[in-house]
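Structure below is upload.cif: mmCIF, C-alpha atoms.
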data_final
loop_
_atom_site.label_atom_id
_atom_site.label_comp_id
_atom_site.auth_asym_id
_atom_site.auth_seq_id
_atom_site.Cartn_x
_atom_site.Cartn_y
_atom_site.Cartn_z
CA MET A 183 -155.11 -102.20 38.31
CA GLY A 184 -152.43 -101.81 40.94
CA VAL A 185 -152.12 -101.01 44.58
CA ASP A 186 -155.37 -99.01 44.48
CA GLY A 187 -157.61 -101.95 43.67
CA ILE A 188 -156.73 -105.28 45.28
CA SER A 189 -156.27 -107.49 42.25
CA SER A 190 -152.87 -106.91 40.70
CA GLY A 191 -151.14 -107.94 37.52
CA THR A 192 -147.84 -109.77 37.55
CA VAL A 193 -145.88 -106.52 37.35
CA ASP A 194 -147.67 -105.05 40.37
CA ILE A 195 -147.11 -108.19 42.39
CA ALA A 196 -143.40 -108.32 41.56
CA ILE A 197 -143.01 -104.60 42.31
CA SER A 198 -144.65 -105.07 45.71
CA GLY A 199 -142.08 -107.78 46.39
CA LEU A 200 -139.22 -105.51 45.33
CA ARG A 201 -140.41 -102.70 47.58
CA ALA A 202 -140.85 -105.02 50.55
CA GLN A 203 -137.35 -106.50 50.22
CA ARG A 204 -135.79 -103.11 49.65
CA LEU A 205 -137.35 -101.86 52.88
CA ARG A 206 -136.04 -104.94 54.67
CA MET A 207 -132.55 -104.14 53.41
CA ASP A 208 -132.90 -100.52 54.55
CA VAL A 209 -133.98 -101.62 58.03
CA ILE A 210 -131.12 -104.13 58.23
CA ALA A 211 -128.69 -101.40 57.19
CA ASN A 212 -130.07 -99.24 59.97
CA ASN A 213 -129.65 -102.06 62.49
CA ILE A 214 -126.04 -102.61 61.42
CA ALA A 215 -125.29 -98.89 61.58
CA ASN A 216 -126.62 -98.82 65.16
CA VAL A 217 -124.95 -101.96 66.46
CA HIS A 218 -122.89 -99.92 68.95
CA THR A 219 -125.51 -97.35 69.86
CA ARG A 220 -125.74 -97.43 73.64
CA GLN A 221 -127.95 -94.43 74.11
CA THR A 222 -130.99 -93.55 72.09
CA ASP A 223 -133.48 -90.80 72.85
CA GLY A 224 -135.19 -92.96 75.46
CA GLY A 225 -131.91 -93.54 77.30
CA LYS A 226 -131.90 -97.21 76.41
CA PRO A 227 -129.63 -98.80 73.80
CA TYR A 228 -130.77 -99.18 70.19
CA ARG A 229 -133.39 -101.89 69.79
CA ARG A 230 -133.12 -104.00 66.66
CA ARG A 231 -135.94 -103.43 64.17
CA GLY A 232 -137.62 -105.78 61.72
CA VAL A 233 -140.19 -105.42 58.96
CA VAL A 234 -143.50 -107.23 59.36
CA LEU A 235 -144.83 -108.31 55.96
CA GLY A 236 -148.22 -109.69 55.06
CA ALA A 237 -149.86 -111.06 51.93
CA ARG A 238 -152.34 -108.73 50.24
CA GLY A 239 -155.63 -109.93 48.86
CA THR A 240 -157.38 -113.26 49.41
CA ASP A 241 -156.98 -116.80 48.15
CA GLU A 242 -158.74 -115.88 44.92
CA ILE A 243 -157.49 -112.33 44.51
CA LEU A 244 -153.71 -112.08 44.42
CA GLY A 245 -152.36 -108.75 45.63
CA GLY A 246 -148.68 -109.45 46.25
CA VAL A 247 -147.09 -108.48 49.56
CA GLN A 248 -147.69 -105.50 51.79
CA ILE A 249 -145.63 -103.87 54.51
CA LEU A 250 -147.65 -104.17 57.71
CA ARG A 251 -145.28 -102.29 60.02
CA ILE A 252 -141.72 -101.80 61.14
CA ALA A 253 -141.55 -103.32 64.62
CA GLU A 254 -138.93 -103.29 67.35
CA ASP A 255 -137.50 -106.61 68.42
CA ILE A 256 -138.55 -106.74 72.07
CA ALA A 257 -137.97 -110.47 72.41
CA SER A 258 -134.17 -110.56 72.22
CA PRO A 259 -132.50 -108.98 75.24
CA PHE A 260 -129.98 -106.18 75.33
CA LYS A 261 -126.41 -107.45 75.54
CA LYS A 262 -124.63 -106.96 78.86
CA VAL A 263 -120.96 -106.06 78.44
CA ARG A 264 -118.49 -105.44 81.25
CA ASP A 265 -117.01 -101.98 80.77
CA PRO A 266 -116.54 -100.22 84.13
CA GLY A 267 -114.87 -97.22 82.51
CA ASP A 268 -118.01 -96.30 80.56
CA PRO A 269 -119.96 -93.42 82.11
CA SER A 270 -123.24 -95.30 81.65
CA ALA A 271 -121.97 -98.44 83.46
CA ASP A 272 -124.06 -99.71 86.38
CA LYS A 273 -122.71 -100.35 89.94
CA ASP A 274 -121.28 -103.70 88.83
CA GLY A 275 -119.52 -102.13 85.83
CA PHE A 276 -121.85 -103.55 83.19
CA VAL A 277 -123.14 -101.59 80.20
CA LEU A 278 -126.21 -102.40 78.20
CA MET A 279 -125.57 -102.72 74.43
CA SER A 280 -128.01 -102.93 71.55
CA ASN A 281 -129.56 -106.29 70.76
CA VAL A 282 -128.26 -106.19 67.21
CA GLU A 283 -126.30 -109.33 66.38
CA LEU A 284 -124.17 -108.84 63.27
CA PRO A 285 -124.21 -112.48 62.09
CA ARG A 286 -127.99 -112.50 62.21
CA GLU A 287 -128.24 -109.21 60.33
CA MET A 288 -125.90 -110.50 57.63
CA ILE A 289 -128.04 -113.60 57.13
CA GLU A 290 -131.16 -111.44 56.94
CA LEU A 291 -129.39 -109.19 54.44
CA VAL A 292 -128.52 -112.11 52.19
CA THR A 293 -132.08 -113.42 52.43
CA ALA A 294 -133.60 -110.07 51.57
CA SER A 295 -131.14 -109.53 48.74
CA ARG A 296 -131.88 -112.94 47.22
CA ALA A 297 -135.62 -112.31 47.53
CA TYR A 298 -135.13 -108.95 45.77
CA GLN A 299 -133.29 -110.68 42.94
CA ALA A 300 -136.00 -113.32 42.69
CA ASN A 301 -138.68 -110.64 42.28
CA ALA A 302 -136.55 -108.89 39.68
CA ALA A 303 -136.27 -112.22 37.82
CA VAL A 304 -140.07 -112.52 37.84
CA LEU A 305 -140.27 -109.10 36.21
CA LYS A 306 -137.72 -110.02 33.57
CA ARG A 307 -139.47 -113.30 32.72
CA HIS A 308 -142.79 -111.52 32.54
CA GLN A 309 -141.35 -109.04 30.06
CA ASP A 310 -140.01 -111.92 28.00
CA SER A 311 -143.42 -113.56 27.91
CA ILE A 312 -145.09 -110.30 26.88
CA ASN A 313 -142.57 -109.98 24.06
CA THR A 314 -143.28 -113.55 23.00
CA THR A 315 -147.01 -112.81 22.98
CA LEU A 316 -146.41 -109.77 20.80
CA GLU A 317 -144.54 -111.93 18.30
CA LEU A 318 -148.01 -113.10 17.25
CA LEU A 319 -148.34 -109.73 15.59
CA ARG A 320 -144.94 -109.56 13.94
CA MET B 124 -168.97 -98.30 10.21
CA ASP B 125 -165.74 -99.87 8.98
CA SER B 126 -164.30 -101.47 12.10
CA ARG B 127 -160.90 -101.62 10.47
CA THR B 128 -160.35 -97.90 10.00
CA SER B 129 -162.06 -96.88 13.22
CA VAL B 130 -159.52 -98.48 15.62
CA ILE B 131 -156.78 -96.11 14.47
CA PRO B 132 -157.98 -93.01 16.41
CA TYR B 133 -158.32 -95.19 19.54
CA LEU B 134 -154.80 -96.52 19.23
CA GLU B 135 -153.46 -93.05 18.57
CA ALA B 136 -155.21 -91.71 21.67
CA GLY B 137 -153.73 -94.55 23.73
CA LEU B 138 -150.29 -93.78 22.30
CA ARG B 139 -150.58 -90.11 23.27
CA ALA B 140 -151.28 -91.16 26.84
CA ILE B 141 -148.41 -93.62 26.87
CA GLN B 142 -145.92 -91.15 25.47
CA LEU B 143 -146.73 -88.57 28.14
CA GLN B 144 -146.60 -91.26 30.83
CA GLY B 145 -143.19 -92.37 29.55
CA ARG B 146 -141.84 -88.82 29.83
CA ALA B 147 -143.20 -88.50 33.38
CA ILE B 148 -141.52 -91.74 34.45
CA ALA B 149 -138.23 -90.70 32.84
CA ASN B 150 -138.36 -87.41 34.70
CA ASN B 151 -138.97 -89.17 38.01
CA ILE B 152 -136.09 -91.56 37.48
CA ALA B 153 -133.78 -88.72 36.47
CA ASN B 154 -134.69 -86.98 39.74
CA LEU B 155 -134.31 -90.06 41.93
CA ASN B 156 -132.16 -88.22 44.45
CA THR B 157 -133.09 -84.59 43.86
CA PRO B 158 -133.90 -83.03 47.25
CA GLY B 159 -137.47 -81.83 47.50
CA TYR B 160 -138.57 -83.39 44.21
CA ARG B 161 -142.09 -84.88 44.18
CA ARG B 162 -142.92 -87.42 41.50
CA VAL B 163 -145.07 -86.56 38.49
CA ALA B 164 -147.53 -88.77 36.66
CA ALA B 165 -149.62 -88.55 33.51
CA GLU B 166 -153.30 -88.33 34.29
CA PHE B 167 -155.17 -90.04 31.52
CA ARG B 168 -157.26 -93.01 32.58
CA ARG B 169 -160.47 -91.20 33.38
CA GLN B 170 -160.33 -88.83 30.42
CA LEU B 171 -159.38 -91.60 28.02
CA ALA B 172 -162.21 -93.88 29.20
CA LYS B 173 -164.63 -90.95 28.86
CA ALA B 174 -163.42 -90.00 25.38
CA ILE B 175 -163.77 -93.61 24.22
CA ALA B 176 -167.21 -94.06 25.78
CA SER B 177 -168.39 -90.93 24.01
CA GLY B 178 -167.08 -92.33 20.76
CA ASN B 179 -164.67 -89.44 20.21
CA PRO B 180 -161.14 -90.62 20.91
CA ARG B 181 -159.63 -87.71 18.98
CA SER B 182 -160.80 -85.33 21.71
CA PHE B 183 -158.57 -87.00 24.29
CA GLU B 184 -155.65 -85.11 25.79
CA ALA B 185 -153.40 -86.34 28.59
CA LYS B 186 -151.99 -84.00 31.20
CA LEU B 187 -149.23 -84.08 33.81
CA VAL B 188 -150.01 -83.96 37.52
CA ARG B 189 -148.13 -84.14 40.83
CA PRO B 190 -150.09 -86.69 42.88
CA MET B 191 -148.30 -85.79 46.16
CA SER B 192 -149.49 -89.15 47.45
CA THR B 193 -146.25 -91.04 48.03
CA GLU B 194 -144.19 -91.12 51.19
CA VAL B 195 -141.50 -88.46 51.43
CA ARG B 196 -137.99 -89.35 52.55
CA SER B 197 -135.72 -87.27 54.71
CA ASN B 198 -134.46 -85.21 51.74
CA GLY B 199 -137.97 -84.27 50.66
CA ASN B 200 -137.89 -86.68 47.70
CA ASP B 201 -140.70 -89.18 47.20
CA VAL B 202 -139.56 -91.16 44.14
CA ASP B 203 -139.66 -94.95 44.67
CA LEU B 204 -137.39 -96.58 42.09
CA ASP B 205 -139.18 -99.93 42.18
CA MET B 206 -142.53 -98.27 41.57
CA GLU B 207 -141.16 -96.26 38.65
CA VAL B 208 -139.58 -99.37 37.13
CA GLY B 209 -142.91 -101.19 37.38
CA ALA B 210 -144.70 -98.30 35.70
CA LEU B 211 -142.00 -98.19 33.02
CA ILE B 212 -142.40 -101.90 32.26
CA LYS B 213 -146.18 -101.68 32.00
CA ASN B 214 -145.87 -98.58 29.84
CA GLY B 215 -143.37 -100.22 27.52
CA ALA B 216 -145.51 -103.32 27.07
CA LEU B 217 -148.58 -101.21 26.18
CA TYR B 218 -146.57 -99.06 23.79
CA LYS B 219 -145.23 -102.08 21.95
CA THR B 220 -148.69 -103.65 21.79
CA TYR B 221 -150.33 -100.53 20.36
CA MET B 222 -147.59 -100.05 17.78
CA ARG B 223 -147.83 -103.66 16.60
CA ILE B 224 -151.61 -103.49 16.32
CA LEU B 225 -151.34 -100.17 14.47
CA ALA B 226 -148.80 -101.64 12.05
CA ARG B 227 -151.08 -104.61 11.43
CA THR B 228 -154.07 -102.33 10.84
CA TYR B 229 -152.23 -100.22 8.27
CA ARG B 230 -150.99 -103.38 6.58
CA GLN B 231 -154.55 -104.68 6.32
CA LEU B 232 -155.66 -101.47 4.63
CA GLU B 233 -152.73 -101.77 2.27
CA LEU B 234 -153.64 -105.36 1.40
CA ALA B 235 -157.22 -104.42 0.72
CA MET B 236 -156.05 -101.85 -1.80
CA ARG B 237 -153.55 -103.97 -3.68
CA ARG B 238 -154.34 -106.74 -6.14
CA GLU B 239 -151.81 -109.34 -4.95
CA LEU B 240 -151.01 -110.47 -1.42
CA MET C 282 -173.78 -145.73 -3.04
CA ALA C 283 -173.07 -147.93 -0.08
CA GLY C 284 -170.91 -146.80 2.74
CA ILE C 285 -167.17 -147.12 2.44
CA GLN C 286 -166.14 -150.49 3.84
CA PRO C 287 -162.92 -150.46 5.79
CA THR C 288 -160.41 -152.90 4.40
CA SER C 289 -158.08 -152.63 7.33
CA GLY C 290 -158.74 -152.39 11.03
CA ILE C 291 -158.92 -148.58 10.80
CA PRO C 292 -162.54 -147.53 11.12
CA ALA C 293 -163.98 -145.42 8.29
CA ARG C 294 -164.26 -141.78 9.32
CA VAL C 295 -166.04 -140.74 6.18
CA PRO C 296 -169.80 -141.04 6.71
CA PRO C 297 -171.62 -143.17 4.13
CA VAL C 298 -172.96 -141.22 1.12
CA THR C 299 -176.69 -141.63 0.85
CA GLY C 300 -178.67 -140.66 -2.21
CA SER C 301 -177.32 -140.25 -5.73
CA VAL C 302 -174.28 -138.32 -6.79
CA ALA C 303 -175.14 -134.74 -7.93
CA GLY C 304 -176.07 -134.68 -11.63
CA PRO C 305 -175.80 -131.87 -14.22
CA GLN C 306 -179.15 -130.38 -13.14
CA ASP C 307 -177.54 -129.51 -9.80
CA LYS C 308 -174.99 -127.09 -11.33
CA SER C 309 -176.95 -123.94 -10.39
CA ALA C 310 -177.31 -125.26 -6.85
CA GLY C 311 -173.51 -125.68 -6.85
CA LYS C 312 -172.99 -122.02 -7.92
CA ALA C 313 -175.33 -120.72 -5.21
CA GLY C 314 -173.44 -122.97 -2.79
CA PHE C 315 -170.17 -121.11 -3.44
CA ALA C 316 -171.79 -117.67 -3.15
CA ASP C 317 -173.29 -118.73 0.18
CA LEU C 318 -169.92 -120.03 1.31
CA LEU C 319 -168.30 -116.72 0.45
CA ARG C 320 -171.02 -114.68 2.11
CA ASN C 321 -170.77 -116.76 5.30
CA TYR C 322 -167.03 -116.28 5.29
CA VAL C 323 -167.35 -112.53 4.82
CA ASP C 324 -169.70 -112.48 7.83
CA LYS C 325 -167.15 -114.42 9.86
CA VAL C 326 -164.39 -112.00 8.91
CA ASP C 327 -166.64 -109.08 9.85
CA GLN C 328 -167.33 -110.71 13.23
CA ASP C 329 -163.62 -111.24 13.84
CA GLN C 330 -162.87 -107.64 12.92
CA ARG C 331 -165.54 -106.36 15.28
CA ALA C 332 -164.32 -108.55 18.16
CA SER C 333 -160.80 -107.29 17.51
CA ALA C 334 -161.96 -103.65 17.49
CA PHE C 335 -163.84 -104.09 20.78
CA ALA C 336 -160.84 -105.80 22.39
CA ILE C 337 -158.63 -102.87 21.31
CA GLN C 338 -161.13 -100.37 22.70
CA ASP C 339 -161.22 -102.18 26.04
CA LEU C 340 -157.43 -102.21 26.25
CA VAL C 341 -157.05 -98.52 25.37
CA SER C 342 -159.83 -97.37 27.70
CA GLY C 343 -158.17 -99.25 30.55
CA LYS C 344 -160.99 -101.76 31.09
CA THR C 345 -158.44 -104.54 30.96
CA ASP C 346 -154.69 -104.79 31.53
CA ASP C 347 -154.39 -108.21 29.94
CA VAL C 348 -152.63 -107.93 26.61
CA LEU C 349 -152.86 -111.55 25.49
CA PRO C 350 -156.61 -111.74 24.63
CA VAL C 351 -156.33 -108.53 22.62
CA VAL C 352 -153.30 -109.78 20.69
CA GLN C 353 -155.09 -113.07 20.01
CA ALA C 354 -158.22 -111.31 18.75
CA VAL C 355 -156.18 -109.05 16.45
CA ALA C 356 -154.07 -111.91 15.09
CA LYS C 357 -157.15 -114.03 14.45
CA ALA C 358 -158.99 -111.24 12.66
CA ASP C 359 -155.89 -110.48 10.63
CA LEU C 360 -155.52 -114.08 9.52
CA SER C 361 -159.13 -114.53 8.44
CA PHE C 362 -158.97 -111.17 6.67
CA LYS C 363 -155.83 -112.15 4.77
CA LEU C 364 -157.51 -115.39 3.71
CA LEU C 365 -160.51 -113.47 2.42
CA ILE C 366 -158.28 -111.12 0.46
CA GLY C 367 -156.48 -114.13 -1.00
CA VAL C 368 -159.78 -115.67 -2.09
CA ARG C 369 -160.90 -112.31 -3.52
CA ASN C 370 -157.73 -111.99 -5.53
CA LYS C 371 -158.05 -115.53 -6.89
CA VAL C 372 -161.66 -114.92 -7.88
CA ILE C 373 -160.70 -111.72 -9.71
CA GLU C 374 -157.86 -113.52 -11.44
CA ALA C 375 -160.16 -116.36 -12.50
CA TYR C 376 -162.72 -113.85 -13.79
CA LYS C 377 -160.08 -112.04 -15.85
CA GLN C 378 -158.89 -115.33 -17.33
CA THR C 379 -162.44 -116.25 -18.21
CA MET C 380 -163.01 -112.89 -19.92
CA ASN C 381 -159.81 -113.34 -21.93
CA MET C 382 -160.84 -116.73 -23.26
CA GLN C 383 -161.54 -116.88 -27.01
CA VAL C 384 -165.11 -117.90 -27.61
#
Reformat the file's structure so that it appears as structure tokens.
Amino acid sequence: MGVDGISSGTVDIAISGLRAQRLRMDVIANNIANVHTRQTDGGKPYRRRGVVLGARGTDEILGGVQILRIAEDIASPFKKVRDPGDPSADKDGFVLMSNVELPREMIELVTASRAYQANAAVLKRHQDSINTTLELLR
Amino acid sequence: MDSRTSVIPYLEAGLRAIQLQGRAIANNIANLNTPGYRRVAAEFRRQLAKAIASGNPRSFEAKLVRPMSTEVRSNGNDVDLDMEVGALIKNGALYKTYMRILARTYRQLELAMRREL
Amino acid sequence: MAGIQPTSGIPARVPPVTGSVAGPQDKSAGKAGFADLLRNYVDKVDQDQRASAFAIQDLVSGKTDDVLPVVQAVAKADLSFKLLIGVRNKVIEAYKQTMNMQV
């Protein structure tokens, strides 16, 4: 059974972890690419995005992790930078910049990458244990 | 009914399904970045369960389908590498299991025919 | 015969033998005993083989994804089957030796 039913085997659970972390890394990459974006479609600077994850299943039925949504970070404020020469500067010469902070994104990237590797290790170990089980029939 | 000889058609049916599934996964992985490519899968679970329930595993045939049920990226491609790897791992484990059981079954028949172990 | 008396502190695990030791008139009962033993074992092997076949069917039809119980059932049935074959071969060998004996 896999993502269709709720109860998943070890492989399905690890794969759900891999997909979740990969999406996190994609979103982080998008944040980093847009660190200097001052104007998006709405006129405002680029708002940092994050992935909201949730556990699937119940206490008895393990379903791995699911991607709940990709949400905008509305808590951290836009950065105010003094740049009077910029056409979008306000009357005091300040420009609003995206709320992406590179140090934070790098930490998130390392975290997501390590989590990805951990899930991949689960897969590898599971394969090893399957092979060991099959040795019974050698 | 000799339970020893009768598992062979079941295992062979399972192997047919697994082999087609393996080819589908390989095709998806090969087309990981092909624009417009939608992933393929081997449809076999329902038919296989039906063939086994009816007691006629030889009648089972797997076929390829395009589920068109996964999210499409900007280049029209919907192959998710992690999903394909997961399917590949499960497929490989089943394949190995069936082959080992098949080998054991043939060995048992052989033993029954010979006079020494 | 009285029960075995432990000479050391280790308690006797062998239960005491009650009644007399089997005499020559019990030989036929002994022969039937072995045939029964063999028949029971053949039944056990048949049971193991059936359990193994059902486990394989469940795995192939997708009723279960868990490989371990199937592998265990197959290995168990295989082992008991091999033992039966071994016993069969020994019995045949013993029979042939008996037939070759000069009377």
### Task
Counting only C-alpha atoms, collect the residues of chain C whose closest atom lies at most 9 Å from chain A, and write them out as an NGL selection string.
:C and (343 or 345-349 or 352-353 or 355-356)
For the residues in the current selection, export C-alpha atoms as a compact mmCIF listing (two decimals), in the frame of the given file.
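Final output, part10.txt:
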# COMPACT_ATOMS: atom_id res chain seq x y z
CA GLY C 343 -158.17 -99.25 30.55
CA THR C 345 -158.44 -104.54 30.96
CA ASP C 346 -154.69 -104.79 31.53
CA ASP C 347 -154.39 -108.21 29.94
CA VAL C 348 -152.63 -107.93 26.61
CA LEU C 349 -152.86 -111.55 25.49
CA VAL C 352 -153.30 -109.78 20.69
CA GLN C 353 -155.09 -113.07 20.01
CA VAL C 355 -156.18 -109.05 16.45
CA ALA C 356 -154.07 -111.91 15.09
### Query
Residues of chain A within 10 Å of chain B, using all atoms listed in the file, as a list of chain:residue names?
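Matching residues, ligands excluded from the count: A:Gly184, A:Gly191, A:Thr192, A:Val193, A:Asp194, A:Ile195, A:Ala196, A:Ile197, A:Ser198, A:Gly199, A:Leu200, A:Arg201, A:Ala202, A:Arg204, A:Ala302, A:Leu305, A:Lys306, A:His308, A:Gln309, A:Ile312, A:Asn313, A:Thr315, A:Leu316, A:Glu317, A:Leu318, A:Leu319, A:Arg320.
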### Message
If we count all atoms listed in the file and set the cut-off at 9 Å, which residues sit around segment 211-222 of chain A, ignoring sequence neighbours fewer than 2 positions away in its own chain? Please answer as a ChimeraX atom specification.
### Response
/A:206-209,224-232,270,277-284,287-288,291
### Message
Residue by residue, what does the PyMOL selection byres ((chain B) within 10 of (chain C)) grab here? Present the result as a PyMOL selection string.
### Response
chain B and resi 125-131+133-138+140+167-176+180+213+216-217+220-221+223-224+227-228+230-231+234-240
### Message
For this structure, which residues satisfy the selection - the PyMOL selection byres ((chain B and resi 151-155) around 12) - when it is evaluated on the file as given? I want them as number ranges by chain.
### Response
B: 144-150, 156-165, 189, 196, 198-211
### Task
Between atom CA of Gly236 of chain A and atom CA of Ile249 of chain A, measure the distance and give it in Å to one decimal.
6.4 Å
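The two atoms in question, atom CA of Thr314 of chain A and atom CA of Tyr218 of chain B, are spaced 14.9 Å apart.
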Return the padded bounding box of segment 224-236 of chain B as AutoDock Vina command-line options: axis-aligned, built from all atoms listed in the file, 3 Å added on each side, with centre and edge lengths in Å to one decimal.
--center_x -153.0 --center_y -102.8 --center_z 7.3 --size_x 14.4 --size_y 11.2 --size_z 24.1
### Message
With all atoms listed in the file as the counted atoms, please give the residues lying no more than 8 Å from Asp265 of chain A, apart from itself and same-chain residues fewer than 5 positions off, as JSON, numbers by chain.
### Response
{"A": [271, 275, 276, 277]}
### Query
What is the atom CA of Leu250 of chain A to atom CA of Val304 of chain A distance in Å?
22.8 Å
### Query
Val233 of chain A: which residues within 7 Å, counting all atoms listed in the file, same-chain residues fewer than 4 positions away excluded, as a PyMOL selection string?
chain A and resi 206+251-253
